[in-house]
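What follows is the content of run.txt (compact mmCIF, C-alpha atoms).
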```txt
# COMPACT_ATOMS: atom_id res chain seq x y z
CA MET A 302 -38.73 -51.59 -12.08
CA THR A 303 -38.45 -53.89 -15.04
CA GLU A 304 -34.93 -54.96 -15.77
CA ALA A 305 -33.94 -55.11 -19.41
CA PRO A 306 -30.78 -55.77 -21.32
CA CYS A 307 -29.51 -52.31 -22.25
CA CYS A 308 -26.20 -52.75 -23.89
CA THR A 309 -26.58 -55.72 -26.14
CA GLU A 310 -27.74 -53.61 -29.09
CA TYR A 311 -24.54 -51.62 -29.35
CA SER A 312 -22.11 -53.14 -26.95
CA THR A 313 -20.22 -56.36 -26.45
CA SER A 314 -20.56 -56.13 -22.66
CA GLU A 315 -23.21 -58.09 -20.76
CA SER A 316 -24.31 -55.35 -18.36
CA TYR A 317 -27.96 -54.62 -17.58
CA CYS A 318 -29.77 -51.48 -16.49
CA SER A 319 -33.21 -50.06 -15.92
CA LEU A 320 -35.60 -49.34 -18.78
CA SER A 321 -35.38 -45.56 -18.34
CA ASN A 322 -31.59 -45.67 -18.37
CA PHE A 323 -31.80 -47.81 -21.47
CA ALA A 324 -33.93 -45.17 -23.24
CA ALA A 325 -31.61 -42.34 -22.18
CA ARG A 326 -28.64 -44.30 -23.32
CA LEU A 327 -30.21 -45.06 -26.68
CA ASP A 328 -30.95 -41.34 -27.09
CA LYS A 329 -27.32 -40.53 -26.38
CA LEU A 330 -26.20 -43.21 -28.82
CA GLU A 331 -28.53 -41.76 -31.47
CA THR A 332 -26.83 -38.38 -31.05
CA LEU A 333 -23.40 -39.97 -31.29
CA ALA A 334 -24.50 -41.98 -34.33
CA ARG A 335 -25.64 -38.75 -36.04
CA LEU A 336 -22.26 -37.19 -35.22
CA GLU A 337 -20.53 -40.20 -36.77
CA GLU A 338 -22.52 -39.68 -39.95
CA THR A 339 -21.25 -36.13 -40.50
CA ALA A 340 -18.91 -35.64 -43.46
CA LEU A 341 -15.99 -34.67 -41.22
CA SER A 342 -16.36 -37.75 -39.05
CA VAL A 343 -16.57 -40.03 -42.09
CA LEU A 344 -13.51 -38.31 -43.59
CA MET A 345 -11.57 -38.81 -40.36
CA ARG A 346 -12.40 -42.52 -40.36
CA GLU A 347 -11.99 -43.30 -44.01
CA SER A 348 -9.02 -41.16 -44.99
CA GLY A 349 -5.79 -42.86 -43.98
CA ILE A 350 -3.94 -39.55 -44.19
CA ALA A 351 -6.45 -37.72 -41.97
CA PHE A 352 -6.65 -40.44 -39.33
CA PHE A 353 -3.03 -41.53 -39.17
CA GLY A 354 -1.87 -37.91 -39.67
CA SER A 355 -3.87 -36.89 -36.59
CA LEU A 356 -2.63 -39.94 -34.69
CA ILE A 357 1.00 -39.11 -35.52
CA LEU A 358 0.61 -35.42 -34.60
CA HIS A 359 -1.12 -36.43 -31.36
CA SER A 360 1.73 -38.79 -30.41
CA LEU A 361 4.48 -36.32 -31.35
CA ALA A 362 2.82 -33.46 -29.48
CA MET A 363 2.15 -35.69 -26.47
CA ALA A 364 5.80 -36.82 -26.41
CA PHE A 365 6.98 -33.20 -26.33
CA VAL A 366 4.43 -32.03 -23.74
CA VAL A 367 5.03 -34.98 -21.42
CA GLY A 368 8.78 -34.95 -22.07
CA ILE A 369 9.15 -31.24 -21.24
CA ASN A 370 6.99 -31.65 -18.12
CA PHE A 371 9.08 -34.64 -17.03
CA ALA A 372 12.34 -32.70 -17.54
CA ILE A 373 11.14 -29.72 -15.50
CA ALA A 374 9.61 -31.97 -12.82
CA PHE A 375 12.83 -33.96 -12.48
CA ARG A 376 14.76 -30.70 -12.15
CA LEU A 377 12.37 -29.53 -9.43
CA ILE A 378 12.77 -32.83 -7.60
CA GLY A 379 16.52 -32.33 -7.52
CA PHE A 380 18.11 -33.74 -10.68
CA ALA A 381 20.74 -31.50 -12.31
CA PRO A 382 20.38 -28.85 -9.57
CA ARG A 383 22.65 -26.32 -11.29
CA ILE A 384 20.26 -25.84 -14.21
CA LYS A 385 18.33 -22.62 -13.69
CA ILE A 386 14.63 -23.48 -13.76
CA ALA A 387 13.93 -20.03 -15.17
CA ALA A 388 16.12 -20.96 -18.17
CA LEU A 389 14.56 -24.42 -18.45
CA SER A 390 11.14 -22.73 -18.49
CA ARG A 391 11.93 -21.41 -21.97
CA PHE A 392 10.98 -24.86 -23.24
CA TYR A 393 7.43 -24.04 -22.19
CA LEU A 394 7.11 -22.14 -25.48
CA ILE A 395 7.37 -25.45 -27.37
CA HIS A 396 5.26 -27.11 -24.68
CA TRP A 397 2.26 -24.81 -25.25
CA TYR A 398 2.38 -25.13 -29.03
CA ALA A 399 2.50 -28.92 -28.59
CA ALA A 400 -0.38 -28.75 -26.07
CA ALA A 401 -2.49 -26.86 -28.63
CA LEU A 402 -1.64 -29.56 -31.16
CA ILE A 403 -2.73 -32.24 -28.68
CA PHE A 404 -6.19 -30.69 -28.41
CA ILE A 405 -6.57 -30.13 -32.17
CA SER A 406 -5.43 -33.65 -33.10
CA GLY A 407 -7.33 -35.11 -30.14
CA THR A 408 -10.53 -33.44 -31.30
CA ALA A 409 -9.97 -34.79 -34.81
CA LEU A 410 -9.48 -38.31 -33.42
CA LEU A 411 -12.55 -37.91 -31.23
CA LEU A 412 -14.58 -36.94 -34.29
CA ALA A 413 -13.54 -40.17 -36.01
CA TYR A 414 -14.97 -42.42 -33.28
CA PRO A 415 -17.02 -40.25 -30.90
CA ALA A 416 -19.11 -43.07 -29.44
CA LYS A 417 -16.04 -45.19 -28.81
CA ALA A 418 -14.40 -42.46 -26.71
CA LEU A 419 -17.32 -40.60 -25.14
CA THR A 420 -18.89 -43.76 -23.72
CA ASN A 421 -15.60 -44.89 -22.18
CA PRO A 422 -14.78 -43.67 -18.64
CA VAL A 423 -11.07 -44.01 -19.42
CA PHE A 424 -11.42 -41.15 -21.92
CA TYR A 425 -12.61 -38.82 -19.15
CA ILE A 426 -9.76 -39.94 -16.89
CA LYS A 427 -7.31 -39.01 -19.65
CA LEU A 428 -9.04 -35.68 -20.29
CA CYS A 429 -9.02 -34.75 -16.58
CA ALA A 430 -5.36 -35.77 -16.20
CA VAL A 431 -4.36 -33.68 -19.24
CA VAL A 432 -6.26 -30.59 -18.07
CA ILE A 433 -4.97 -30.78 -14.48
CA GLY A 434 -1.46 -31.56 -15.78
CA LEU A 435 -1.54 -28.45 -17.98
CA LEU A 436 -2.84 -26.30 -15.10
CA ILE A 437 0.11 -27.50 -13.01
CA SER A 438 2.45 -26.67 -15.92
CA LYS A 439 1.03 -23.14 -15.99
CA ARG A 440 1.45 -22.82 -12.22
CA ILE A 441 5.09 -23.95 -12.39
CA GLN A 442 5.73 -21.65 -15.35
CA ASN A 443 4.21 -18.68 -13.51
CA THR A 444 6.33 -19.44 -10.45
CA PHE A 445 9.70 -19.85 -12.14
CA ALA A 446 9.74 -18.34 -15.66
CA TYR A 447 11.76 -15.11 -15.86
CA LYS A 448 12.39 -15.31 -12.09
CA PRO A 449 15.92 -16.71 -11.70
CA ASP A 450 16.03 -15.98 -7.96
CA VAL A 451 12.99 -18.02 -6.94
CA LEU A 452 13.97 -21.06 -4.87
CA VAL A 453 12.37 -24.49 -5.09
CA ASP A 454 10.17 -25.02 -2.06
CA SER A 455 8.36 -28.12 -0.82
CA SER A 456 5.09 -27.19 -2.55
CA SER A 457 6.91 -26.99 -5.91
CA ILE A 458 8.40 -30.43 -5.30
CA LYS A 459 4.94 -31.81 -4.51
CA LEU A 460 3.62 -30.25 -7.71
CA ALA A 461 6.48 -31.89 -9.62
CA TYR A 462 5.59 -35.35 -8.27
CA LEU A 463 1.92 -34.71 -9.01
CA SER A 464 2.83 -33.61 -12.54
CA ILE A 465 4.79 -36.82 -13.18
CA ALA A 466 1.92 -38.92 -11.82
CA LEU A 467 -0.70 -37.10 -13.90
CA TRP A 468 1.27 -37.41 -17.14
CA ALA A 469 1.88 -41.09 -16.41
CA ILE A 470 -1.89 -41.50 -15.95
CA THR A 471 -2.46 -39.62 -19.23
CA LEU A 472 -0.14 -41.92 -21.16
CA THR A 473 -1.59 -45.05 -19.58
CA ALA A 474 -5.19 -43.94 -20.11
CA GLY A 475 -4.37 -43.02 -23.71
CA ARG A 476 -3.09 -46.52 -24.43
CA PHE A 477 -5.88 -48.25 -22.50
CA LEU A 478 -8.49 -46.33 -24.52
CA ALA A 479 -7.86 -48.73 -27.38
CA TYR A 480 -8.57 -51.75 -25.17
CA THR A 481 -11.36 -50.69 -22.81
CA TYR A 482 -14.14 -49.37 -25.03
CA SER A 483 -17.44 -51.21 -25.02
CA ILE A 484 -19.22 -49.33 -27.83
CA LEU A 485 -17.97 -48.87 -31.37
CA LEU A 486 -20.86 -47.69 -33.52
CA ALA A 487 -18.79 -46.98 -36.61
CA SER A 488 -17.55 -50.53 -36.80
CA ARG A 489 -21.11 -51.72 -37.39
CA PHE A 490 -21.06 -50.23 -40.88
CA TYR A 491 -17.87 -51.96 -42.03
CA MET B 1035 14.16 -66.08 -36.63
CA ILE B 1036 10.43 -66.15 -35.91
CA ASP B 1037 10.75 -69.49 -34.10
CA PHE B 1038 13.73 -68.25 -32.12
CA LEU B 1039 11.87 -65.13 -30.98
CA LEU B 1040 8.72 -67.07 -30.10
CA ASN B 1041 10.73 -69.67 -28.14
CA PHE B 1042 12.51 -66.86 -26.29
CA SER B 1043 9.17 -65.18 -25.53
CA GLN B 1044 7.60 -68.40 -24.25
CA ALA B 1045 10.65 -69.50 -22.25
CA THR B 1046 10.93 -66.18 -20.44
CA GLY B 1047 7.24 -65.80 -19.63
CA ILE B 1048 6.94 -62.73 -21.85
CA TYR B 1049 4.45 -64.49 -24.12
CA ALA B 1050 2.14 -65.38 -21.22
CA PHE B 1051 2.32 -61.85 -19.82
CA MET B 1052 1.69 -60.17 -23.19
CA ASN B 1053 -1.27 -62.43 -23.87
CA SER B 1054 -2.80 -61.79 -20.46
CA ALA B 1055 -5.76 -59.41 -20.20
CA TRP B 1056 -3.74 -56.20 -19.74
CA GLY B 1057 -0.21 -57.28 -20.69
CA TRP B 1058 -0.13 -55.61 -24.10
CA PRO B 1059 -1.50 -52.17 -23.10
CA ILE B 1060 0.74 -52.11 -19.99
CA ALA B 1061 3.78 -52.72 -22.20
CA GLU B 1062 2.57 -50.07 -24.67
CA SER B 1063 2.11 -47.53 -21.86
CA LEU B 1064 5.62 -48.20 -20.57
CA HIS B 1065 6.97 -47.96 -24.12
CA PHE B 1066 5.50 -44.48 -24.62
CA PHE B 1067 6.55 -43.48 -21.09
CA GLY B 1068 10.16 -44.35 -21.99
CA LEU B 1069 9.86 -42.43 -25.24
CA CYS B 1070 8.66 -39.33 -23.38
CA LEU B 1071 11.64 -39.59 -21.02
CA LEU B 1072 13.87 -39.75 -24.09
CA ILE B 1073 12.26 -36.72 -25.76
CA GLY B 1074 12.25 -34.79 -22.48
CA THR B 1075 15.99 -35.22 -22.01
CA VAL B 1076 17.75 -36.12 -25.27
CA GLY B 1077 15.20 -34.11 -27.27
CA LEU B 1078 15.71 -30.99 -25.13
CA PHE B 1079 19.49 -31.45 -25.34
CA ASP B 1080 19.16 -31.63 -29.13
CA LEU B 1081 17.04 -28.47 -29.18
CA ARG B 1082 19.62 -26.71 -27.01
CA MET B 1083 22.40 -27.78 -29.39
CA MET B 1084 20.35 -26.38 -32.25
CA GLY B 1085 20.37 -23.01 -30.51
CA PHE B 1086 17.14 -23.00 -28.51
CA ALA B 1087 17.29 -21.73 -24.89
CA ASP B 1088 20.96 -20.84 -25.28
CA ASP B 1089 21.26 -19.52 -21.73
CA ILE B 1090 21.22 -23.11 -20.42
CA SER B 1091 24.66 -24.66 -19.99
CA LEU B 1092 24.95 -27.74 -22.20
CA SER B 1093 27.08 -29.52 -19.61
CA GLN B 1094 24.33 -28.97 -17.02
CA LEU B 1095 21.56 -30.03 -19.37
CA HIS B 1096 23.60 -33.13 -20.15
CA ARG B 1097 23.07 -34.24 -16.53
CA LEU B 1098 19.47 -35.10 -17.46
CA ILE B 1099 20.64 -37.53 -20.16
CA PRO B 1100 20.85 -40.56 -17.78
CA ILE B 1101 17.06 -40.25 -17.35
CA GLY B 1102 16.73 -40.47 -21.13
CA VAL B 1103 19.01 -43.52 -21.17
CA ALA B 1104 16.73 -45.13 -18.56
CA GLY B 1105 13.77 -44.35 -20.83
CA TYR B 1106 15.60 -45.89 -23.76
CA LEU B 1107 16.25 -49.07 -21.76
CA VAL B 1108 12.53 -49.28 -20.92
CA ASN B 1109 11.86 -48.98 -24.65
CA VAL B 1110 14.36 -51.69 -25.55
CA ILE B 1111 12.81 -54.07 -23.01
CA THR B 1112 9.19 -53.37 -23.98
CA GLY B 1113 10.09 -53.32 -27.70
CA THR B 1114 11.66 -56.76 -27.30
CA MET B 1115 8.46 -57.92 -25.58
CA PHE B 1116 6.34 -56.80 -28.59
CA LEU B 1117 8.74 -58.22 -31.14
CA SER B 1118 9.18 -61.60 -29.48
CA THR B 1119 5.47 -62.09 -28.78
CA ALA B 1120 4.27 -61.37 -32.33
CA PRO B 1121 7.40 -61.54 -34.51
CA ASP B 1122 5.44 -62.09 -37.74
CA GLN B 1123 3.60 -58.79 -37.15
CA TYR B 1124 6.81 -56.83 -36.65
CA LEU B 1125 9.69 -58.37 -38.61
CA PHE B 1126 8.01 -57.86 -42.00
CA ASN B 1127 6.42 -54.53 -41.18
CA PRO B 1128 8.03 -51.66 -43.18
CA ALA B 1129 7.18 -49.20 -40.37
CA VAL B 1130 9.15 -51.33 -37.87
CA GLN B 1131 12.04 -51.65 -40.31
CA SER B 1132 12.06 -47.87 -40.85
CA LYS B 1133 11.87 -47.33 -37.08
CA LEU B 1134 14.92 -49.54 -36.54
CA PHE B 1135 16.71 -47.72 -39.38
CA PHE B 1136 16.14 -44.32 -37.73
CA MET B 1137 17.25 -45.74 -34.36
CA LEU B 1138 20.44 -46.92 -36.06
CA ILE B 1139 21.05 -43.47 -37.58
CA ALA B 1140 20.40 -41.85 -34.17
CA GLY B 1141 22.88 -44.28 -32.60
CA ILE B 1142 25.59 -43.59 -35.20
CA ASN B 1143 24.98 -39.85 -34.84
CA MET B 1144 25.31 -40.16 -31.06
CA MET B 1145 28.62 -42.05 -31.41
CA PHE B 1146 29.94 -39.33 -33.75
CA PHE B 1147 28.78 -36.68 -31.29
CA TYR B 1148 30.53 -38.25 -28.31
CA GLY B 1149 33.58 -39.07 -30.41
CA THR B 1150 34.10 -35.67 -32.00
CA THR B 1151 32.05 -32.88 -30.48
CA ALA B 1152 30.68 -33.62 -26.99
CA ALA B 1153 33.77 -32.63 -24.99
CA ALA B 1154 34.16 -29.30 -26.79
CA VAL B 1155 30.46 -28.52 -26.56
CA LYS B 1156 30.24 -29.36 -22.86
CA SER B 1157 33.27 -27.20 -22.10
CA GLY B 1158 31.46 -24.27 -23.67
CA ALA B 1159 33.52 -23.93 -26.87
CA LYS B 1160 32.38 -20.98 -28.97
CA ALA B 1161 34.24 -21.84 -32.21
CA SER B 1162 31.78 -21.69 -35.09
CA PRO B 1163 32.76 -25.04 -36.73
CA ILE B 1164 32.03 -26.84 -33.45
CA ILE B 1165 28.75 -24.98 -32.97
CA LEU B 1166 27.70 -25.73 -36.55
CA ARG B 1167 28.59 -29.42 -36.14
CA ALA B 1168 26.64 -29.55 -32.87
CA LYS B 1169 23.63 -27.92 -34.53
CA ILE B 1170 23.66 -30.47 -37.35
CA MET B 1171 24.09 -33.40 -34.96
CA GLY B 1172 21.32 -32.07 -32.72
CA GLY B 1173 19.05 -31.67 -35.74
CA ILE B 1174 19.77 -35.20 -36.98
CA SER B 1175 19.16 -36.66 -33.53
CA LEU B 1176 15.86 -34.83 -33.01
CA PHE B 1177 14.70 -35.71 -36.52
CA CYS B 1178 15.53 -39.38 -35.97
CA TRP B 1179 13.67 -39.61 -32.63
CA CYS B 1180 10.62 -37.88 -34.13
CA ALA B 1181 10.81 -40.31 -37.06
CA VAL B 1182 10.95 -43.19 -34.55
CA ILE B 1183 7.68 -41.95 -33.01
CA ILE B 1184 6.06 -41.53 -36.43
CA CYS B 1185 7.13 -45.02 -37.58
CA GLY B 1186 5.93 -46.44 -34.26
CA ARG B 1187 2.47 -45.02 -34.90
CA LEU B 1188 2.47 -46.31 -38.46
CA ILE B 1189 3.04 -49.91 -37.39
CA THR B 1190 -0.72 -50.47 -37.14
CA TYR B 1191 -1.23 -48.86 -40.56
CA TYR B 1192 0.91 -51.53 -42.22
CA ARG B 1193 -1.12 -54.48 -41.05
CA PRO B 1194 -1.10 -57.19 -42.11
CA PRO B 1195 2.57 -56.51 -42.84
CA TYR B 1196 2.97 -59.17 -45.54
CA HIS B 1197 1.04 -57.04 -48.05
CA TRP B 1198 3.30 -54.03 -47.63
CA CYS B 1199 6.82 -55.33 -47.32
CA LEU B 1200 8.05 -55.67 -50.90
CA TRP B 1201 11.48 -56.99 -49.97
CA CYS B 1202 10.38 -59.67 -47.47
```
Can you dump the structure from the file as structure tokens?
Amino acid sequence: MTEAPCCTEYSTSESYCSLSNFAARLDKLETLARLEETALSVLMRESGIAFFGSLILHSLAMAFVVGINFAIAFRLIGFAPRIKIAALSRFYLIHWYAAALIFISGTALLLAYPAKALTNPVFYIKLCAVVIGLLISKRIQNTFAYKPDVLVDSSSIKLAYLSIALWAITLTAGRFLAYTYSILLASRFY
Amino acid sequence: MIDFLLNFSQATGIYAFMNSAWGWPIAESLHFFGLCLLIGTVGLFDLRMMGFADDISLSQLHRLIPIGVAGYLVNVITGTMFLSTAPDQYLFNPAVQSKLFFMLIAGINMMFFYGTTAAAVKSGAKASPIILRAKIMGGISLFCWCAVIICGRLITYYRPPYHWCLWC
């Protein structure tokens, strides 16, 4: 099959792919370009308050979600063993509000630069880590909340280590998103 | 000051690391990791002092604070790496200056807390003046750390910093 440069139109990378992949990719980019031209996407990019407001809310919410998960995970691992995990689980109330805020602000940020995020594998790593991390949070909450007599077993400790690892991956992927993208359609109009 | 910071950065190898392919995002990731440790320990302690989850013993919750201190140290180290590598981008930036201001307020508040209230609070004192003081100190601390996060995010908004800093 004929080899053709597929990314040079929109990307800074030098990768090559087949002609059919090139067409499919262009089609996807057309869709993303149309999304970037919607009023909401333009507002998110051009309004400092909307963009930086979402960025700030995303960071604050992420700090609380990750922070609360770290605290509970460290307790499960064995730090401060006299704290009742059932009592510590009350912080999950704040955690879930913050998690909702992460998704709302994250969606707003995604709308600002959809092509930049959706064409970057690191975005999907972050998304998977967040979703699995939250599922683990729910599992830990279901196990310990309102159940002061439940003891920490080895599977809970493993979940705690996994939780710490997943949130560390989330934070790292979140920061690397800004450095690993190869397509930034919106920037072409500035 | 700029020359001093740049010389320090170059002499210690920080400059080379930060200008390597992944140096900057690695430092940023560690910086936010440290901040999450801080919010997850000091932030929860502040919330508890403000009256949230009042069935947790403050003295027990205080045992998580060393983890927050470790997070703070990570932040000091990585923050120094940012500042010394690109001092002109940080020293004149009003968001950085505000961030340092809120860190100072949080530090003073912490000293007041440990000097006047911590012992009584950790021993489980129920006197209302102590509880009120603890609530106020917890509120100030949590506000300051949230403000630190907000100012941290705004650093990129105030770039280039020379246009924004009226007193530099």
Please produce, as a Markdown table, a per-residue contact table for chain A versus chain B (criterion: any atom at most 7 Å away, all atoms listed in the file considered), showing the nearest atom pair and its distance in Å to one decimal, sorted by chain then residue number.
```
| residue | atom | partner | partner_atom | distance |
| --- | --- | --- | --- | --- |
| A:Ile357 | CA | B:Ile1184 | CA | 5.7 |
| A:Leu361 | CA | B:Ile1183 | CA | 6.7 |
| A:Ala364 | CA | B:Cys1070 | CA | 4.9 |
| A:Phe365 | CA | B:Ile1073 | CA | 6.4 |
| A:Val367 | CA | B:Cys1070 | CA | 6.0 |
| A:Gly368 | CA | B:Gly1074 | CA | 3.5 |
| A:Ile369 | CA | B:Gly1074 | CA | 4.9 |
| A:Phe371 | CA | B:Gly1074 | CA | 6.3 |
| A:Ala372 | CA | B:Gly1074 | CA | 5.4 |
| A:Ala381 | CA | B:Arg1097 | CA | 5.5 |
| A:Arg383 | CA | B:Gln1094 | CA | 6.5 |
| A:Ile384 | CA | B:Gln1094 | CA | 5.9 |
| A:Ala388 | CA | B:Ile1090 | CA | 6.0 |
| A:Arg391 | CA | B:Ala1087 | CA | 6.1 |
| A:Leu472 | CA | B:Ser1063 | CA | 6.1 |
| A:Thr473 | CA | B:Ser1063 | CA | 5.0 |
| A:Arg476 | CA | B:Ser1063 | CA | 5.9 |
| A:Phe477 | CA | B:Pro1059 | CA | 5.9 |
```
Would you save the residues of that selection, restricted to C-alpha atoms, as an mmCIF file, in the coordinates of the input?
```cif
data_model
loop_
_atom_site.group_PDB
_atom_site.id
_atom_site.type_symbol
_atom_site.label_atom_id
_atom_site.label_comp_id
_atom_site.auth_asym_id
_atom_site.auth_seq_id
_atom_site.Cartn_x
_atom_site.Cartn_y
_atom_site.Cartn_z
ATOM 1 C CA ILE A 357 1.000 -39.110 -35.520
ATOM 2 C CA LEU A 361 4.480 -36.320 -31.350
ATOM 3 C CA ALA A 364 5.800 -36.820 -26.410
ATOM 4 C CA PHE A 365 6.980 -33.200 -26.330
ATOM 5 C CA VAL A 367 5.030 -34.980 -21.420
ATOM 6 C CA GLY A 368 8.780 -34.950 -22.070
ATOM 7 C CA ILE A 369 9.150 -31.240 -21.240
ATOM 8 C CA PHE A 371 9.080 -34.640 -17.030
ATOM 9 C CA ALA A 372 12.340 -32.700 -17.540
ATOM 10 C CA ALA A 381 20.740 -31.500 -12.310
ATOM 11 C CA ARG A 383 22.650 -26.320 -11.290
ATOM 12 C CA ILE A 384 20.260 -25.840 -14.210
ATOM 13 C CA ALA A 388 16.120 -20.960 -18.170
ATOM 14 C CA ARG A 391 11.930 -21.410 -21.970
ATOM 15 C CA LEU A 472 -0.140 -41.920 -21.160
ATOM 16 C CA THR A 473 -1.590 -45.050 -19.580
ATOM 17 C CA ARG A 476 -3.090 -46.520 -24.430
ATOM 18 C CA PHE A 477 -5.880 -48.250 -22.500
#
```
Give the centre and edge lengths of an axis-aligned box, in Å to one decimal, that holds all listed atoms of segment 1062-1072 of chain B with 3 Å on each side, as AutoDock Vina command-line options.
```
--center_x 8.0 --center_y -44.7 --center_z -22.9 --size_x 17.8 --size_y 16.7 --size_z 10.7
```
- Contact residues around segment 1145-1153 of chain B with only C-alpha atoms at 10 Å, ignoring same-chain residues under 6 positions, as JSON, numbers by chain: {"B": [1092, 1093, 1096, 1139, 1159, 1164, 1165, 1167, 1168, 1171, 1172, 1175]}
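Near segment 413-425 of chain A, within 9 Å and counting all atoms listed in the file, sit A:Leu330, A:Leu333, A:Ala334, A:Leu336, A:Glu337, A:Leu341, A:Ser342, A:Val343, A:Leu344, A:Met345, A:Arg346, A:Glu347, A:Phe352, A:Thr408, A:Ala409, A:Cys429, A:Ala430, A:Ala474, A:Gly475, A:Phe477, A:Leu478, A:Thr481, A:Tyr482, A:Ser483, A:Ile484, A:Leu485, A:Leu486, A:Ala487; same-chain residues fewer than 4 positions away were not included.
Candidate residues A:Ala461, A:Arg376, A:Ala362, A:Ala325 were compared for distance to Gly407 of chain A, and the nearest is A:Ala362, using only C-alpha atoms.
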